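**Q** Sharing my_file.tsv below, TSV, C-alpha atoms:
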chain	number	residue	atom	x	y	z
A	1	MET	CA	129.91	93.33	55.81
A	2	GLN	CA	128.04	91.91	52.82
A	3	ASN	CA	124.55	92.07	54.35
A	4	ASP	CA	125.02	94.38	57.32
A	5	LEU	CA	122.54	96.84	55.82
A	6	ASN	CA	120.09	94.22	54.57
A	7	GLY	CA	116.62	95.77	54.41
A	8	ARG	CA	117.84	99.36	54.68
A	9	ARG	CA	116.43	101.63	51.97
A	10	VAL	CA	118.33	104.70	50.83
A	11	ALA	CA	116.75	107.48	48.75
A	12	ILE	CA	119.09	109.19	46.27
A	13	LEU	CA	117.76	112.60	45.22
A	14	VAL	CA	119.02	113.92	41.88
A	15	THR	CA	118.04	115.80	38.76
A	16	ASP	CA	119.97	116.38	35.52
A	17	GLY	CA	123.57	117.47	36.01
A	18	PHE	CA	124.62	115.45	39.07
A	19	GLU	CA	128.25	114.39	39.43
A	20	GLN	CA	128.16	110.75	38.31
A	21	ILE	CA	130.78	109.27	40.64
A	22	GLU	CA	129.16	110.99	43.65
A	23	MET	CA	126.03	108.92	42.97
A	24	THR	CA	127.47	105.67	41.63
A	25	GLY	CA	130.32	105.38	44.16
A	26	PRO	CA	128.16	105.61	47.31
A	27	ARG	CA	125.36	103.60	45.69
A	28	GLU	CA	127.71	100.73	44.93
A	29	ALA	CA	129.20	100.83	48.43
A	30	LEU	CA	125.76	100.88	50.06
A	31	GLU	CA	124.42	98.08	47.89
A	32	ASN	CA	127.52	95.98	48.53
A	33	ALA	CA	126.72	96.36	52.23
A	34	GLY	CA	123.18	95.07	51.63
A	35	ALA	CA	121.16	98.27	51.30
A	36	LYS	CA	118.65	98.99	48.53
A	37	CYS	CA	119.10	102.34	46.79
A	38	VAL	CA	116.27	104.13	45.00
A	39	LEU	CA	117.08	106.86	42.47
A	40	ILE	CA	114.47	109.59	42.91
A	41	SER	CA	114.07	112.58	40.60
A	42	ASN	CA	111.72	115.33	39.51
A	43	LYS	CA	112.55	114.14	35.96
A	44	GLU	CA	110.78	111.22	34.30
A	45	GLY	CA	112.54	108.34	32.58
A	46	GLU	CA	116.25	109.08	32.82
A	47	VAL	CA	118.55	111.63	34.39
A	48	GLN	CA	121.77	112.95	32.87
A	49	ALA	CA	124.96	112.55	34.87
A	50	PHE	CA	128.04	114.71	34.40
A	51	LYS	CA	131.75	114.22	34.89
A	52	HIS	CA	132.80	117.70	35.94
A	53	HIS	CA	131.69	119.89	32.99
A	54	ASP	CA	131.02	117.10	30.50
A	55	LYS	CA	127.96	114.91	30.01
A	56	ALA	CA	128.49	111.35	31.17
A	57	GLU	CA	125.98	108.48	31.36
A	58	LYS	CA	122.21	108.53	31.76
A	59	PHE	CA	120.51	106.65	34.59
A	60	LYS	CA	116.99	105.25	34.93
A	61	VAL	CA	114.82	107.00	37.48
A	62	ASP	CA	113.33	104.49	39.93
A	63	LEU	CA	110.74	106.72	41.57
A	64	ALA	CA	109.21	110.12	40.84
A	65	LEU	CA	109.92	112.77	43.46
A	66	ALA	CA	106.21	113.62	43.54
A	67	LYS	CA	105.45	110.05	44.69
A	68	ALA	CA	108.38	109.64	47.09
A	69	ASP	CA	107.43	109.25	50.76
A	70	PRO	CA	110.30	109.86	53.22
A	71	ASN	CA	108.62	107.44	55.65
A	72	ASP	CA	109.49	104.64	53.22
A	73	PHE	CA	113.23	105.27	53.53
A	74	ASP	CA	115.92	104.91	56.16
A	75	ALA	CA	118.33	107.56	54.79
A	76	VAL	CA	118.90	110.05	52.00
A	77	LEU	CA	121.95	110.53	49.79
A	78	LEU	CA	122.53	113.91	48.14
A	79	PRO	CA	125.16	113.79	45.37
A	80	GLY	CA	126.69	117.03	44.11
A	81	GLY	CA	127.17	118.54	40.70
A	82	VAL	CA	126.57	122.27	40.24
A	83	ILE	CA	123.67	121.96	37.76
A	84	ASN	CA	121.91	119.26	39.78
A	85	SER	CA	122.33	120.94	43.14
A	86	ASP	CA	121.35	124.40	41.95
A	87	ALA	CA	118.14	123.02	40.40
A	88	ILE	CA	117.02	120.63	43.13
A	89	ARG	CA	117.53	123.10	45.98
A	90	ILE	CA	114.39	125.02	44.94
A	91	GLU	CA	112.19	121.91	44.56
A	92	LYS	CA	109.66	122.11	47.39
A	93	LYS	CA	109.15	118.33	47.37
A	94	ALA	CA	112.90	117.78	47.71
A	95	GLN	CA	113.04	120.27	50.58
A	96	ALA	CA	110.13	118.58	52.34
A	97	PHE	CA	111.73	115.17	51.80
A	98	VAL	CA	115.05	116.03	53.44
A	99	GLN	CA	113.29	117.95	56.21
A	100	ALA	CA	111.26	114.84	57.07
A	101	ILE	CA	114.31	112.56	56.95
A	102	ASP	CA	116.24	114.90	59.24
A	103	ARG	CA	113.31	115.43	61.59
A	104	ALA	CA	113.12	111.65	62.05
A	105	GLY	CA	116.84	111.55	62.87
A	106	LYS	CA	117.61	109.38	59.87
A	107	PRO	CA	120.98	109.62	58.09
A	108	VAL	CA	121.55	112.50	55.67
A	109	MET	CA	124.61	111.80	53.48
A	110	VAL	CA	125.73	114.80	51.43
A	111	ILE	CA	128.74	115.51	49.24
A	112	CYS	CA	130.14	118.41	47.23
A	113	HIS	CA	127.44	120.88	46.07
A	114	GLY	CA	124.66	118.68	47.51
A	115	GLY	CA	124.62	120.85	50.62
A	116	TRP	CA	122.73	123.57	48.77
A	117	LEU	CA	119.50	121.62	49.26
A	118	LEU	CA	120.08	121.50	53.02
A	119	VAL	CA	120.71	125.28	53.03
A	120	SER	CA	117.52	125.99	51.10
A	121	SER	CA	115.60	123.60	53.34
A	122	GLY	CA	116.55	125.60	56.45
A	123	LEU	CA	118.39	122.67	58.06
A	124	VAL	CA	121.97	123.94	58.30
A	125	LYS	CA	121.72	126.25	61.33
A	126	GLY	CA	123.78	124.84	64.20
A	127	ARG	CA	125.16	121.95	62.14
A	128	THR	CA	128.83	121.23	61.41
A	129	MET	CA	129.54	120.08	57.87
A	130	THR	CA	131.83	120.31	54.88
A	131	SER	CA	131.19	120.72	51.15
A	132	TRP	CA	132.80	121.91	47.95
A	133	PRO	CA	134.70	125.02	49.15
A	134	THR	CA	132.57	127.49	47.20
A	135	LEU	CA	129.55	126.62	49.39
A	136	GLN	CA	131.24	127.65	52.63
A	137	ASP	CA	129.75	131.16	52.63
A	138	ASP	CA	126.25	129.80	51.95
A	139	ILE	CA	126.59	127.34	54.83
A	140	ARG	CA	128.02	129.89	57.26
A	141	ASN	CA	125.41	132.49	56.28
A	142	ALA	CA	122.74	129.87	56.98
A	143	GLY	CA	124.13	129.44	60.50
A	144	GLY	CA	126.23	126.34	59.90
A	145	ASN	CA	129.80	125.61	60.96
A	146	TRP	CA	131.76	124.86	57.77
A	147	GLN	CA	135.07	123.01	57.99
A	148	ASP	CA	137.55	121.93	55.32
A	149	LYS	CA	137.81	118.18	56.04
A	150	GLU	CA	137.45	115.08	53.88
A	151	VAL	CA	134.51	113.86	55.95
A	152	ILE	CA	132.52	115.22	58.88
A	153	ARG	CA	130.00	113.34	60.99
A	154	ASP	CA	127.54	115.54	62.89
A	155	ARG	CA	124.88	113.44	64.61
A	156	ASN	CA	122.79	111.99	61.74
A	157	TRP	CA	124.71	113.85	58.98
A	158	VAL	CA	127.77	112.76	57.02
A	159	SER	CA	129.32	115.29	54.64
A	160	SER	CA	132.32	115.37	52.29
A	161	ARG	CA	133.86	117.85	49.86
A	162	LYS	CA	134.53	116.10	46.53
A	163	PRO	CA	135.02	112.79	44.67
A	164	ASP	CA	138.50	112.32	46.17
A	165	ASP	CA	136.80	112.04	49.58
A	166	LEU	CA	134.51	109.16	48.53
A	167	PRO	CA	136.38	106.36	50.36
A	168	ALA	CA	136.00	108.20	53.68
A	169	PHE	CA	132.46	109.35	52.82
A	170	ASN	CA	131.33	105.82	51.97
A	171	ARG	CA	132.92	104.37	55.10
A	172	GLU	CA	131.30	106.92	57.42
A	173	SER	CA	127.91	106.71	55.66
A	174	ILE	CA	127.78	102.93	56.00
A	175	GLY	CA	128.96	103.16	59.60
A	176	LEU	CA	126.20	105.64	60.42
A	177	LEU	CA	123.54	103.46	58.82
A	178	MET	CA	124.77	100.41	60.73
A	179	GLU	CA	124.59	102.36	64.00
A	180	MET	CA	120.98	103.26	63.25
A	181	GLN	CA	119.88	99.72	62.37
A	182	SER	CA	117.57	99.62	65.37
A	183	GLY	CA	115.67	102.75	64.31
A	184	LYS	CA	113.48	101.11	61.67
A	185	SER	CA	110.54	103.18	60.48
A	186	VAL	CA	109.26	100.82	57.78
A	187	GLN	CA	108.65	97.11	58.13
A	188	PRO	CA	110.38	94.78	55.63
A	189	GLY	CA	107.08	93.65	54.10
A	190	GLU	CA	106.18	97.22	53.22
A	191	ARG	CA	109.51	97.86	51.52
A	192	GLU	CA	109.17	95.33	48.73
A	193	SER	CA	106.33	97.20	47.02
A	194	LEU	CA	108.43	100.31	46.65
A	195	GLY	CA	110.49	101.12	43.56
A	196	ALA	CA	114.10	100.03	43.91
A	197	ARG	CA	117.03	99.50	41.61
A	198	SER	CA	117.38	95.81	40.85
Just give me the structure of the file as structure tokens.
**A**
Amino acid sequence: MQNDLNGRRVAILVTDGFEQIEMTGPREALENAGAKCVLISNKEGEVQAFKHHDKAEKFKVDLALAKADPNDFDAVLLPGGVINSDAIRIEKKAQAFVQAIDRAGKPVMVICHGGWLLVSSGLVKGRTMTSWPTLQDDIRNAGGNWQDKEVIRDRNWVSSRKPDDLPAFNRESIGLLMEMQSGKSVQPGERESLGARS
């Protein structure tokens, strides 16, 4: 499976306060499968990760949210973390980004509190998903079907509840991307000029 996702580009949307393992775990799995992941933020320079309630590592931002074009990506990953998810859900650029990804039928991979952005973007109605349990009312009130499962695949969405679900989340996310290999929206030559983690 080393290069099954070769040439696929995955946008990771975060701001300060994201749950570290919910970004690094999927990123590592995706990159091991051949994808290129790009850390996108409304913050410049670095973003602060958390491990539950405590500050963890800082990570270099690859691309400013203001300059991020969803047409340049094949999928989006939305890590959780209460601080991160509560802040990014009101970012109009982040909302527009996930709306465009979803409209194109590209994979949306979301875990834990990351679902708040999908709620605020008006995308949850009629969708089946899971999340950290405290989001279930938000999702249901937005017209979604919330279920308590380690991973749920609903068309182009993959969702999970928490870090313990990462093995299943990573497996389903990679599987979804592999299924959509034929739906390229950006040619390989165009990809190389875009910011990516080396």
**Q** Could you please determine the separation between CA of Gly81 in chain A and CA of Ile152 in chain A in Å, to one decimal place?
**A**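 Interatomic distance, CA of Gly81 in chain A to CA of Ile152 in chain A: 19.2 Å.
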**Q** Could you jot down the CA of Val98 in chain A to CA of Ser121 in chain A separation for me, Å, one decimal place?
**A** 7.6 Å
**Q** Within 12 Å of range 17-23 of chain A, which residues of range 106-170 of chain A show up? Give each one with its shortest atom-to-atom distance in Å (one decimal) and the two atoms involved, counting only C-alpha atoms, rows by chain then rising residue number, as a Markdown table.
**A**
| residue | atom | partner | partner_atom | distance |
| --- | --- | --- | --- | --- |
| A:Met109 | CA | A:Glu22 | CA | 10.9 |
| A:Val110 | CA | A:Glu22 | CA | 9.3 |
| A:Ile111 | CA | A:Glu22 | CA | 7.2 |
| A:Cys112 | CA | A:Glu22 | CA | 8.3 |
| A:His113 | CA | A:Phe18 | CA | 9.3 |
| A:Gly114 | CA | A:Phe18 | CA | 9.0 |
| A:Ser159 | CA | A:Glu22 | CA | 11.8 |
| A:Ser160 | CA | A:Glu22 | CA | 10.2 |
| A:Arg161 | CA | A:Glu22 | CA | 10.4 |
| A:Lys162 | CA | A:Glu22 | CA | 8.0 |
| A:Pro163 | CA | A:Glu22 | CA | 6.2 |
| A:Asp164 | CA | A:Glu22 | CA | 9.8 |
| A:Asp165 | CA | A:Glu22 | CA | 9.7 |
| A:Leu166 | CA | A:Glu22 | CA | 7.5 |
| A:Pro167 | CA | A:Glu22 | CA | 10.9 |
| A:Phe169 | CA | A:Glu22 | CA | 9.9 |
| A:Asn170 | CA | A:Glu22 | CA | 10.0 |
**Q** In Å, rounded to a single decimal, give me how far CA of Leu39 in chain A is from CA of Asp4 in chain A.
**A**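 For CA of Asp4 in chain A relative to CA of Leu39 in chain A, the distance reads 21.0 Å.
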**Q** Given the choices A:Leu135, A:Ala64, A:Ala104, A:Ala96, which gets closest to Gly122 in chain A if the distance is worked out from only C-alpha atoms?
**A**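 Closest to Gly122 in chain A, using only C-alpha atoms: A:Ala96.
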**Q** Nearest to His53 in chain A: which of A:Glu28, A:Asp137, A:Asp72, A:Val82 is it, counting only C-alpha atoms?
**A** A:Val82
**Q** Name all residues at most 10 Å from Arg171 in chain A (count all atoms listed in the file; drop same-chain ones fewer than 2 positions away) and give them as a ChimeraX atom specification.
**A** /A:26,29-30,151,166-169,173-176
**Q** Considering only C-alpha atoms, can you say which of A:Ile83, A:Leu123, A:Leu78, A:Leu65 comes closest to Ala100 in chain A?
**A**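 Smallest distance to Ala100 in chain A is found for A:Leu123.
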**Q** Rank A:Val61, A:Gly115, A:Asp138, A:Asp102 by their smallest atom-to-atom distance to Val76 in chain A, using all atoms listed in the file, and report the top residue only.
**A**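 Closest to Val76 in chain A of all the choices is A:Asp102.
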**Q** Pick from A:Gln48, A:Gly80, A:Leu13, A:Trp116: nearest to Ala66 in chain A, with all atoms listed in the file counted?
**A**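 Using all atoms listed in the file, the shortest distance to Ala66 in chain A belongs to A:Leu13.
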